[in-house]
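Below you'll find the structure, written out as structure tokens, and then a few comments.
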Amino acid sequence: MSAMTSPSSSLPGSPSSGLAARRPARGRWSARAGLAILLATAGAGLLHTSWGRPWLARFGGCPVARVSPAEVERLRLSGFHALQGTLRAPARPALGFRLDQSTPADVWAWAARAGVACEARERGLLALRCHQVPRARLPAAAVASADASGAGSPIIDELALTFAPSGHLISVDAFTPRLPASGAAASFESATARLQAQLGSPADRVGDPAASALGRAPLATARARYRFDDYVAIISASHLSSGVAVREQYLSGG
Amino acid sequence: MQKKVGNSIVMISMVASVAITCVIATACSSSSGDSAGMGGASGSAGGAGGGSDAGFGPLYVKYGSAIPKVVDDAVAGVLADCVETPYFAAVGTSGHDSVARIKSCLRLQFTAVMGGPATYPGVNDEGDTCVDMQTIHNGLGIPGDVFDKFVMDLGGVLLADGVSQEDVGTIAAAVAPLKGAIVSPTPVTYNACDGGTADAAGGQ
């Protein structure tokens with residue numbers, strides 16, 4: 001049929017013979033390109049399955065879904081604005097770290113001096129997570145002395161320090177789970193007493209922090225919050241399935 | 001003949017590409033839409049009700065009208081929390097859930113948990129379907145301690161919003177079984193679809 005419509009195409013030396021010769025090459029190119037697209041797309045799809053995600057993570061994650069530090073900070077501030085108060089904080093205690101001043105280098109230097117193991121994680125914002133931190137080695141001597149007296153837990157299970165896109169510290173988070181109710185109650189009281197000495201009474205306080213109350217029922221909780229325009233501190237103790245957990249959060253408004 | 005084969009492969013490739021791209025988009029959006037989940041699973045009314053005991057559970061009768069505030073406060077706590085926020089960092093970005101939708105799904109969930117006129121999974125008060133906890137958190141790689149911190153926040157929020165300690169315990173008993181669906185068996189530092197587990201350099 002094609003010979004009928006274009007008889008000259010088979011004649012040697014005809015003007016169209018070169019074009020005819022290129023057609024198979026084009027077909028091969030198209031086939032290869034198509035296969036390459038198919039394989040690349042299938043590969044990308046596989047990396048997004050539950051089996052492939054660990055591998056995707058190794059390659060740096062899903063490039064189309066990355067979030068910028070600014071985006072994470074915007075989200076964080078939207079939460080902070082709902083918690084903040086109206087007055088400026090007379091002080092901004094954060095276990096001896098300096099909100100809006102300490103840098104990752106400062107924290108690494110402290111960790112090295114204190115012999116504390118930390119790791120850096122970055123997901124929009126950089127966070128340093130330090131494990132099994134003795135309170136006696138925190139930067140603030142007052143914190144160390146208050147808790148070294150035996151009142152609260154002498155070890156912070158996980159200390160997370162998060163930095164703004166500017167590189168300055170915006171959050172200090174100390175978490176210690178699996179405490180006996182008595183130890184949790186003492187840690188809660190110790191932390192709130194330290195804050196009260198510098199900031200006065202909390203903006204709000206709920207629940208009963210006594211050991212008898214914290215140990216009584218699932219999710220028995222006590223919480224004290226200090227809310228200022230530029231600073232929020234939250235101390236909480238809760239009865240979880242593994243014991244009572246105590247958490248101290250010190251947040252900057254950025 | 002070869003050209004026909006080539007064209008066919010190109011066509012198949014294009015169709016397959018579109019299909020796989022849809023799968024990728026769904027996977028990515030579900031993994032942070034999953035964020036919607038953290039707390040929740042509830043019904044449809046969105047907690048606006050309460051106060052009426054027309055066959056509703058006692059918790060809903062007592063606290064149904066407080067559900068929107070509980071949800072607003074719980075979400076504010078999560079967002080302000082630098083430990084929890086990274087798992088939901090894609091919220092509000094293109095292709096992912098908005099904070100408003102997450103809150104709507106949480107209102108649905110709390111309504112159901114409290115015995116109100118809702119079921120979870122179900123349709124929220126914005127007319128969207130909120131999927132089950134396992135699906136919605138799939139791929140987020142949430143570790144157990146992050147779930148525990150959320151539950152601690154929730155305990156404080158419930159007390160502050162007027163729920164008695166005894167009833168907080170009842171709600172906790174309803175929320176606790178969700179841990180298995182929310183916490184990842186292979187937790188990652190951060191969601192693989194949203195940035196990976198990059199161990200930032202610079203350390204000791």
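Ordered as shown in the structure tokens, chains take letters A, B, and onward, while each chain numbers its residues from 1 and ligands are numbered from 1 in the order shown.
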- Item | Contacts of Ala74 (chain B) at 7 Å (only C-alpha atoms; same-chain gap of 2+ positions) as number ranges by chain | B: 70-72, 76-78, 153-154, 157
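Closest to Thr103 (chain A) among A:Ala127, A:Ile155, A:Ala89, A:Ala186 is A:Ala127, based on only C-alpha atoms.
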- Message: Need the shell around region 177-182 of chain A: protein/DNA/RNA residues with any atom at most 6 Å away, counting only C-alpha atoms. Skip same-chain ones fewer than 6 positions apart. Format as number ranges by chain?
- Response: A: 211, 214-215, 242-245
- Item | Selection near Gln132 (chain A), 7 Å with only C-alpha atoms, sequence-local residues under 6 positions removed, as a list in words |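 Here the answer would be Ile155, Ile156, Asp157 and Glu158 of chain A.
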For the selection you just gave me, I'd like the residues written to a file as a compact mmCIF listing (two decimals), in the first residue's frame, keeping C-alpha atoms.
```
# COMPACT_ATOMS: atom_id res chain seq x y z
CA ILE A 155 18.40 12.85 84.02
CA ILE A 156 16.53 14.36 81.08
CA ASP A 157 15.70 11.50 78.74
CA GLU A 158 15.62 13.67 75.63
```
Closest contacts (region 126-151 of chain B/region 82-105 of chain B, max 7 Å, only C-alpha atoms) as CSV:
```
residue,atom,partner,partner_atom,distance
B:Glu126,CA,B:Ser104,CA,6.8
B:Cys130,CA,B:Cys105,CA,5.8
B:Leu140,CA,B:Tyr87,CA,6.5
B:Val146,CA,B:Glu84,CA,6.3
```
- Task: Determine the nearest neighbour of chain B from the options A:Pro202, A:Gly85, A:Gly254, A:Gly34, counting only C-alpha atoms.
- Result: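 Distance minimum relative to chain B lands on A:Gly34.
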